[in-house]
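File shown: my_file.txt (compact mmCIF, C-alpha atoms).
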# COMPACT_ATOMS: atom_id res chain seq x y z
CA THR A 954 -23.12 4.98 -28.26
CA GLY A 955 -24.53 7.98 -30.06
CA GLY A 956 -23.93 11.54 -28.94
CA GLU A 957 -26.28 13.50 -26.72
CA ASP A 958 -28.83 16.00 -28.03
CA LEU A 959 -28.13 19.58 -26.95
CA ARG A 960 -30.28 22.67 -26.35
CA PHE A 961 -29.40 26.28 -27.14
CA ASP A 962 -31.70 29.16 -26.14
CA ILE A 963 -31.82 32.24 -28.34
CA LYS A 964 -33.69 35.56 -28.00
CA LEU A 965 -35.17 37.43 -30.97
CA THR A 966 -36.83 40.79 -31.42
CA LEU A 967 -40.37 40.79 -32.79
CA GLU A 968 -39.01 42.23 -36.04
CA GLU A 969 -36.52 39.36 -36.38
CA ALA A 970 -39.28 36.85 -35.69
CA ALA A 971 -41.42 38.45 -38.40
CA THR A 972 -38.81 38.57 -41.16
CA GLY A 973 -36.68 35.56 -40.27
CA VAL A 974 -32.98 35.86 -39.56
CA SER A 975 -29.69 33.96 -39.70
CA LYS A 976 -27.73 33.62 -36.47
CA LYS A 977 -24.28 32.22 -35.81
CA ILE A 978 -24.21 30.52 -32.44
CA ASN A 979 -21.17 29.43 -30.47
CA TYR A 980 -21.36 26.69 -27.87
CA ARG A 981 -19.43 23.90 -26.13
CA LYS A 982 -19.95 20.23 -26.86
CA HIS A 983 -18.18 16.91 -27.24
CA VAL A 984 -16.20 16.89 -30.50
CA SER A 985 -14.27 14.11 -32.17
CA CYS A 986 -10.80 13.58 -30.69
CA GLU A 987 -8.20 14.78 -33.20
CA LYS A 988 -5.40 12.59 -31.84
CA CYS A 989 -7.16 9.29 -32.45
CA SER A 990 -9.58 10.56 -35.15
CA GLY A 991 -12.49 9.51 -32.98
CA SER A 992 -11.49 5.85 -32.67
CA GLY A 993 -10.61 6.06 -28.98
CA ALA A 994 -7.44 4.01 -29.53
CA GLU A 995 -3.75 4.81 -29.53
CA ALA A 996 -1.88 4.18 -32.78
CA GLY A 997 -1.18 0.46 -33.17
CA SER A 998 -3.68 -0.50 -30.50
CA LYS A 999 -5.86 -3.53 -31.07
CA LYS A 1000 -9.53 -4.07 -30.38
CA SER A 1001 -10.98 -7.27 -28.98
CA ARG A 1002 -14.47 -8.51 -28.32
CA CYS A 1003 -15.74 -7.60 -24.87
CA SER A 1004 -15.75 -10.69 -22.69
CA THR A 1005 -18.44 -9.33 -20.38
CA CYS A 1006 -21.18 -8.98 -23.00
CA GLY A 1007 -19.75 -11.23 -25.70
CA GLY A 1008 -19.67 -8.35 -28.17
CA GLN A 1009 -23.37 -7.55 -27.78
CA GLY A 1010 -22.86 -4.19 -26.09
CA HIS A 1011 -25.44 -5.02 -23.44
CA VAL A 1012 -26.04 -7.44 -20.61
CA VAL A 1013 -29.23 -8.86 -19.14
CA ARG A 1014 -29.84 -8.47 -15.43
CA SER A 1015 -32.53 -10.42 -13.60
CA ASN A 1016 -34.07 -9.66 -10.22
CA GLY A 1017 -36.01 -12.90 -10.11
CA LEU A 1018 -39.19 -11.52 -11.62
CA PHE A 1019 -38.07 -9.38 -14.51
CA ALA A 1020 -35.13 -9.45 -16.88
CA MET A 1021 -33.75 -6.06 -17.88
CA ARG A 1022 -31.29 -5.27 -20.63
CA GLN A 1023 -28.60 -2.78 -19.66
CA VAL A 1024 -25.60 -1.19 -21.33
CA CYS A 1025 -22.52 -3.29 -20.72
CA PRO A 1026 -20.52 -1.71 -17.88
CA SER A 1027 -17.23 -2.97 -19.28
CA CYS A 1028 -17.34 -1.68 -22.86
CA GLY A 1029 -19.96 1.06 -22.52
CA GLY A 1030 -22.16 -0.50 -25.18
CA GLU A 1031 -19.46 -0.73 -27.85
CA GLY A 1032 -19.20 -4.52 -27.82
CA GLU A 1033 -15.41 -4.37 -27.91
CA LYS A 1034 -12.53 -3.25 -25.74
CA ILE A 1035 -9.44 -1.29 -26.73
CA ASP A 1036 -6.02 -2.64 -25.87
CA LYS A 1037 -4.45 0.83 -25.54
CA PRO A 1038 -7.01 3.62 -25.09
CA CYS A 1039 -6.14 7.05 -26.47
CA ARG A 1040 -4.58 9.14 -23.72
CA ALA A 1041 -6.09 12.40 -25.00
CA CYS A 1042 -9.69 11.23 -24.72
CA ALA A 1043 -9.32 8.26 -22.33
CA GLY A 1044 -10.70 5.94 -25.00
CA GLU A 1045 -13.90 7.93 -25.50
CA GLY A 1046 -13.05 9.05 -29.02
CA ARG A 1047 -14.28 12.52 -28.15
CA VAL A 1048 -13.30 15.53 -26.06
CA VAL A 1049 -15.06 18.73 -24.99
CA GLY A 1050 -14.40 21.57 -27.42
CA ASP A 1051 -15.79 24.70 -29.04
CA ALA A 1052 -18.32 24.57 -31.87
CA SER A 1053 -20.24 27.05 -33.98
CA VAL A 1054 -23.06 26.72 -36.46
CA ASP A 1055 -25.12 29.06 -38.65
CA ILE A 1056 -28.83 28.74 -37.96
CA LYS A 1057 -31.47 29.99 -40.39
CA ILE A 1058 -34.57 31.00 -38.43
CA PRO A 1059 -37.72 31.13 -40.59
CA PRO A 1060 -40.33 33.93 -40.41
CA GLY A 1061 -43.17 33.46 -37.95
CA VAL A 1062 -41.40 31.78 -35.03
CA ASP A 1063 -42.81 32.42 -31.56
CA THR A 1064 -41.69 31.92 -27.99
CA GLY A 1065 -41.31 28.18 -27.45
CA THR A 1066 -40.64 27.36 -31.11
CA ARG A 1067 -38.01 24.61 -31.30
CA LEU A 1068 -35.77 24.19 -34.34
CA ARG A 1069 -33.59 21.14 -34.94
CA SER A 1070 -30.10 21.23 -36.40
CA SER A 1071 -29.29 17.64 -37.29
CA ALA A 1072 -25.97 16.12 -36.15
CA ASN A 1073 -24.81 19.34 -34.47
CA GLY A 1074 -25.17 17.94 -30.97
CA SER A 1075 -22.42 16.10 -29.11
CA ALA A 1076 -20.20 13.70 -31.05
CA GLY A 1077 -20.84 10.03 -30.34
CA ARG A 1078 -18.34 7.79 -28.55
CA ARG A 1079 -15.71 6.16 -30.78
CA GLY A 1080 -17.09 7.41 -34.08
CA ASN A 1081 -20.78 6.83 -33.42
CA ASP A 1082 -23.39 9.27 -34.73
CA SER A 1083 -23.63 12.75 -33.27
CA GLY A 1084 -26.75 13.96 -31.51
CA ASP A 1085 -28.90 16.87 -32.67
CA LEU A 1086 -28.87 20.51 -31.60
CA TYR A 1087 -32.22 22.04 -30.65
CA ILE A 1088 -32.60 25.81 -30.78
CA VAL A 1089 -35.38 27.11 -28.51
CA ILE A 1090 -36.77 30.55 -29.37
CA THR A 1091 -37.83 33.36 -27.04
CA VAL A 1092 -39.38 36.42 -28.71
CA LEU A 1093 -38.86 39.59 -26.68
CA ASP A 1094 -41.71 41.94 -25.76
CA HIS A 1095 -42.26 44.89 -28.09
CA GLU A 1096 -42.85 48.47 -26.99
CA LEU A 1097 -45.81 48.97 -29.35
CA PHE A 1098 -47.25 45.59 -30.27
CA GLU A 1099 -48.69 42.68 -28.36
CA ARG A 1100 -48.78 39.30 -30.04
CA ASP A 1101 -51.52 36.68 -29.97
CA GLY A 1102 -50.57 33.81 -32.25
CA ASP A 1103 -50.21 35.32 -35.71
CA ASP A 1104 -52.17 38.46 -34.80
CA LEU A 1105 -50.65 41.70 -33.53
CA ALA A 1106 -52.44 44.33 -31.47
CA CYS A 1107 -51.64 47.94 -30.64
CA ALA A 1108 -53.38 50.89 -29.00
CA VAL A 1109 -53.36 54.19 -30.90
CA PRO A 1110 -54.29 57.56 -29.35
CA VAL A 1111 -56.94 59.43 -31.35
CA LYS A 1112 -57.89 63.07 -30.83
CA PHE A 1113 -61.41 63.66 -29.55
CA SER A 1114 -62.16 65.84 -32.55
CA ILE A 1115 -61.18 63.11 -35.01
CA ALA A 1116 -63.16 60.47 -33.11
CA ALA A 1117 -66.22 62.74 -33.17
CA LEU A 1118 -65.97 64.17 -36.68
CA GLY A 1119 -64.04 61.42 -38.44
CA GLY A 1120 -60.66 61.63 -40.10
CA SER A 1121 -57.48 59.70 -40.78
CA ILE A 1122 -54.61 58.67 -38.49
CA ASP A 1123 -51.21 57.06 -38.95
CA VAL A 1124 -50.99 53.50 -37.62
CA PRO A 1125 -47.64 51.77 -37.02
CA LYS A 1126 -46.80 48.44 -38.60
CA LEU A 1127 -43.76 46.23 -38.11
CA LYS A 1128 -42.51 47.69 -41.38
CA GLY A 1129 -43.40 51.35 -41.70
CA LYS A 1130 -46.90 52.68 -41.19
CA THR A 1131 -50.30 52.83 -42.83
CA ILE A 1132 -53.26 55.24 -42.84
CA LEU A 1133 -56.45 54.24 -41.04
CA LYS A 1134 -59.74 56.04 -41.67
CA ILE A 1135 -61.68 56.79 -38.49
CA PRO A 1136 -65.47 57.05 -38.99
CA ALA A 1137 -67.32 59.90 -37.30
CA GLY A 1138 -68.62 58.95 -33.87
CA THR A 1139 -65.95 56.34 -33.15
CA GLN A 1140 -65.97 55.39 -29.47
CA GLY A 1141 -62.96 54.75 -27.25
CA GLY A 1142 -62.07 51.06 -27.20
CA THR A 1143 -63.26 50.48 -30.77
CA THR A 1144 -60.99 47.98 -32.51
CA PHE A 1145 -60.23 48.01 -36.23
CA ARG A 1146 -58.84 44.91 -37.95
CA LEU A 1147 -56.24 45.33 -40.69
CA LYS A 1148 -56.15 42.07 -42.63
CA GLY A 1149 -52.78 40.46 -43.30
CA GLU A 1150 -50.77 43.06 -41.39
CA GLY A 1151 -49.83 40.76 -38.51
CA MET A 1152 -47.15 38.07 -38.19
CA PRO A 1153 -46.42 35.64 -41.02
CA ASN A 1154 -47.55 32.10 -40.38
CA LEU A 1155 -44.66 29.77 -39.55
CA ARG A 1156 -46.00 27.13 -41.94
CA GLY A 1157 -46.30 29.63 -44.77
CA SER A 1158 -50.09 29.96 -44.86
CA GLY A 1159 -50.50 33.72 -45.07
CA ALA A 1160 -50.27 36.17 -42.20
CA GLY A 1161 -52.30 37.25 -39.19
CA ASP A 1162 -54.08 40.57 -38.73
CA LEU A 1163 -53.21 43.83 -37.00
CA LEU A 1164 -55.81 44.86 -34.41
CA VAL A 1165 -55.84 48.61 -33.75
CA ARG A 1166 -57.62 49.75 -30.59
CA VAL A 1167 -58.71 53.39 -30.36
CA ASP A 1168 -57.78 55.28 -27.20
CA ILE A 1169 -59.42 58.72 -27.01
CA ASP A 1170 -56.70 61.26 -26.34
CA VAL A 1171 -58.10 63.77 -23.82
CA PRO A 1172 -55.84 66.84 -23.56
CA LYS A 1173 -54.55 67.69 -20.09
CA LYS A 1174 -53.92 71.31 -21.02
CA MET A 1175 -55.93 73.52 -23.39
CA THR A 1176 -55.64 77.04 -24.69
CA ASP A 1177 -58.36 79.54 -23.91
CA ALA A 1178 -59.65 79.22 -27.46
CA GLN A 1179 -59.81 75.43 -27.21
CA ARG A 1180 -61.55 75.59 -23.86
CA ALA A 1181 -64.10 78.09 -25.17
CA ALA A 1182 -64.80 75.96 -28.24
CA LEU A 1183 -65.29 72.85 -26.12
CA LYS A 1184 -67.57 74.77 -23.74
CA ALA A 1185 -69.65 75.94 -26.68
CA TYR A 1186 -69.89 72.34 -27.90
CA SER A 1187 -71.01 71.18 -24.45
CA ASP A 1188 -73.65 73.90 -24.27
CA ALA A 1189 -74.87 73.00 -27.75
CA CYS A 1190 -75.27 69.34 -26.75
CA GLY A 1191 -77.58 70.18 -23.87
CA ASP A 1192 -79.43 67.06 -22.72
CA VAL A 1193 -79.10 65.24 -26.04
CA GLU A 1194 -78.45 61.56 -25.42
CA THR A 1195 -75.76 59.71 -27.30
CA PRO A 1196 -76.19 56.00 -28.08
CA VAL A 1197 -73.52 55.13 -25.52
CA SER A 1198 -74.86 57.29 -22.69
CA ASP A 1199 -78.44 56.16 -23.33
CA SER A 1200 -77.38 52.51 -23.20
CA TRP A 1201 -75.47 53.10 -19.98
CA LYS A 1202 -78.44 54.83 -18.32
CA GLN A 1203 -80.72 51.92 -19.20
CA LYS A 1204 -78.29 49.47 -17.60
CA PHE A 1205 -77.95 51.76 -14.55
CA LYS A 1206 -81.71 51.91 -14.03
CA LYS A 1207 -82.06 48.15 -14.46
CA PHE A 1208 -79.31 47.45 -11.93
CA PHE A 1209 -80.75 49.71 -9.23
CA GLY A 1210 -84.37 48.94 -10.01
Let me see whether you can do it: turn the structure in this file into structure tokens.
Amino acid sequence: TGGEDLRFDIKLTLEEAATGVSKKINYRKHVSCEKCSGSGAEAGSKKSRCSTCGGQGHVVRSNGLFAMRQVCPSCGGEGEKIDKPCRACAGEGRVVGDASVDIKIPPGVDTGTRLRSSANGSAGRRGNDSGDLYIVITVLDHELFERDGDDLACAVPVKFSIAALGGSIDVPKLKGKTILKIPAGTQGGTTFRLKGEGMPNLRGSGAGDLLVRVDIDVPKKMTDAQRAALKAYSDACGDVETPVSDSWKQKFKKFFG
């Protein structure tokens, strides 16, 4: 019978998932028996047709209503029996051993992505085909970015003065950084979309976007000069309504009647 499929779990950083990476993995599996070269037989041993299944490798069992085909218990589905089984592998043609394989992980993988490495699973019994090896990906959390499909999102602190007057800020990317222009009057929570700066698509169709959310950075400590300037600004504003405060007051009045 053919060899079993195997699973190997691997963890990647977000950067590795974005660029793709090659990994050498080491694992244990059934490998072909060196002593008998996978035949399962001692040197000079003869093979004969299994008398239980007549060489079919399976038998039919009936419970009176249904007939079910099952693997032959005598030959294990091989259809033949060995006169002198190999002592090293007990006639299996395989033993448990160490294995390693180089896996090329493409850009754009995500948690749950499953990659198949053909014929790198367990060796089959007595020279039958090997199973496959499945590599299951887990992408680790990132300290700056959150991922949603192919899109990335991050929160960037912006000084009150820049949010009010406008300006430019540095925004991190997976590779380096970029400059984002902040329009005057930008409110906290505003999200800017940077096209094509997210994760590459696993199937090769472009890349996602980078969503940058503005967090207004309110200073906890100020100098006397800063405090005086902010006080002067507050006095200058007086009772002037901003679009946000006016909208909030309308909702407040509506809620309380």
A:Val1171, A:Leu1164, A:Met1021, A:Val1124 ranked by distance to Gly1141 (chain A), top pick (using all atoms listed in the file):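 For Gly1141 (chain A), the nearest of the given residues is A:Val1171.
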Name the closest residue to Gly1159 (chain A) among the candidates A:Cys1025, A:Asp1199, A:Pro1060, A:Val1049; distances are taken between atoms, counting all atoms listed in the file.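 Of A:Cys1025, A:Asp1199, A:Pro1060, A:Val1049, the one nearest Gly1159 (chain A), counting all atoms listed in the file, is A:Pro1060.
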Please list as number ranges by chain every residue within 12 Å of region 990-1002 of chain A, counting all atoms listed in the file and excluding residues in the same chain fewer than 4 positions away. A: 983-986, 1006-1010, 1027-1028, 1030-1048, 1076-1083
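Proximity to Gly1151 (chain A) was assessed for A:Cys1190, A:Cys989, A:Glu968, A:Arg1067 counting all atoms listed in the file; the smallest distance is recorded for A:Glu968.
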So which residues touch Arg1014 (chain A) within 12 Å, counting only C-alpha atoms, skipping near sequence neighbours fewer than 3 positions away, as number ranges by chain? A: 1006, 1011, 1017-1026
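Of the listed residues (A:Arg1100, A:Thr966, A:Lys982, A:Val1165), A:Lys982 comes nearest to Ala1072 (chain A); the distances count all atoms listed in the file.
The space separating CA of Gly1157 (chain A) from CA of Asp1103 (chain A) comes to 11.4 Å.
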Ile1115 (chain A): which residues within 8 Å, counting only C-alpha atoms, same-chain residues fewer than 6 positions away excluded, as a PyMOL selection string? chain A and resi 1121+1135+1137
Rounded to one decimal, what separation in Å do you get between CA of Gly1191 (chain A) and CA of Gln1140 (chain A)? 19.6 Å
Atom-to-atom span, CA of Thr972 (chain A) and CA of Ala1160 (chain A), Å: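 Interatomic distance, CA of Thr972 (chain A) to CA of Ala1160 (chain A): 11.8 Å.
Using all atoms listed in the file, the shortest contact distance between Leu1133 (chain A) and any of A:Pro1059, A:Arg1166, A:Ser1114, A:Asn979 is found at A:Arg1166.
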In terms of the shortest atom-to-atom distance over all atoms listed in the file, which of A:Ile1132, A:Leu967, A:Val1012, A:Ile1088 is closest to Tyr980 (chain A)?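 Looking only at the distances to Tyr980 (chain A), the closest residue turns out to be A:Ile1088.
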Produce the centre coordinates and the three edge lengths, each in Å to one decimal, of the box along x, y and z that contains all listed atoms of region 1156-1164 of chain A with 6 Å added on each side, as lines of an AutoDock Vina configuration file.
center_x = -50.9
center_y = 36.0
center_z = -39.7
size_x = 21.8
size_y = 29.7
size_z = 22.7
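Within 12 Å of region 1143-1146 of chain A there are Asp1104, Leu1105, Ala1106, Cys1107, Ala1108, Val1109, Pro1110, Val1111, Ala1116, Val1124, Leu1133, Lys1134, Ile1135, Pro1136, Gly1138, Thr1139, Glu1150, Gly1151, Gly1161, Asp1162, Leu1163, Leu1164, Val1165, Arg1166, Val1167, Asp1168 and Ile1169 of chain A, counting only C-alpha atoms and ignoring same-chain residues fewer than 4 positions away.
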Completed region 1144-1155 of chain A (N, CA and C atoms) as a compact mmCIF listing (two decimals), in the frame of the given file:
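Output contents, as saved in part.txt:
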# COMPACT_ATOMS: atom_id res chain seq x y z
N THR A 1144 -62.13 48.67 -31.92
CA THR A 1144 -60.99 47.98 -32.51
C THR A 1144 -61.20 47.80 -34.01
N PHE A 1145 -60.21 48.19 -34.78
CA PHE A 1145 -60.23 48.01 -36.23
C PHE A 1145 -59.26 46.88 -36.59
N ARG A 1146 -59.65 46.05 -37.53
CA ARG A 1146 -58.84 44.91 -37.95
C ARG A 1146 -58.25 45.17 -39.34
N LEU A 1147 -56.93 45.18 -39.42
CA LEU A 1147 -56.24 45.33 -40.69
C LEU A 1147 -55.77 43.95 -41.15
N LYS A 1148 -56.42 43.43 -42.17
CA LYS A 1148 -56.15 42.07 -42.63
C LYS A 1148 -54.72 41.92 -43.16
N GLY A 1149 -54.09 40.82 -42.76
CA GLY A 1149 -52.78 40.46 -43.30
C GLY A 1149 -51.62 41.32 -42.86
N GLU A 1150 -51.84 42.18 -41.86
CA GLU A 1150 -50.77 43.06 -41.39
C GLU A 1150 -50.13 42.57 -40.09
N GLY A 1151 -50.42 41.32 -39.72
CA GLY A 1151 -49.83 40.76 -38.51
C GLY A 1151 -48.57 39.96 -38.80
N MET A 1152 -48.34 38.91 -38.03
CA MET A 1152 -47.15 38.07 -38.19
C MET A 1152 -47.36 37.04 -39.29
N PRO A 1153 -46.30 36.71 -40.03
CA PRO A 1153 -46.42 35.64 -41.02
C PRO A 1153 -46.60 34.30 -40.32
N ASN A 1154 -47.35 33.43 -40.94
CA ASN A 1154 -47.55 32.10 -40.38
C ASN A 1154 -46.29 31.26 -40.56
N LEU A 1155 -45.89 30.55 -39.51
CA LEU A 1155 -44.66 29.77 -39.55
C LEU A 1155 -44.69 28.71 -40.63
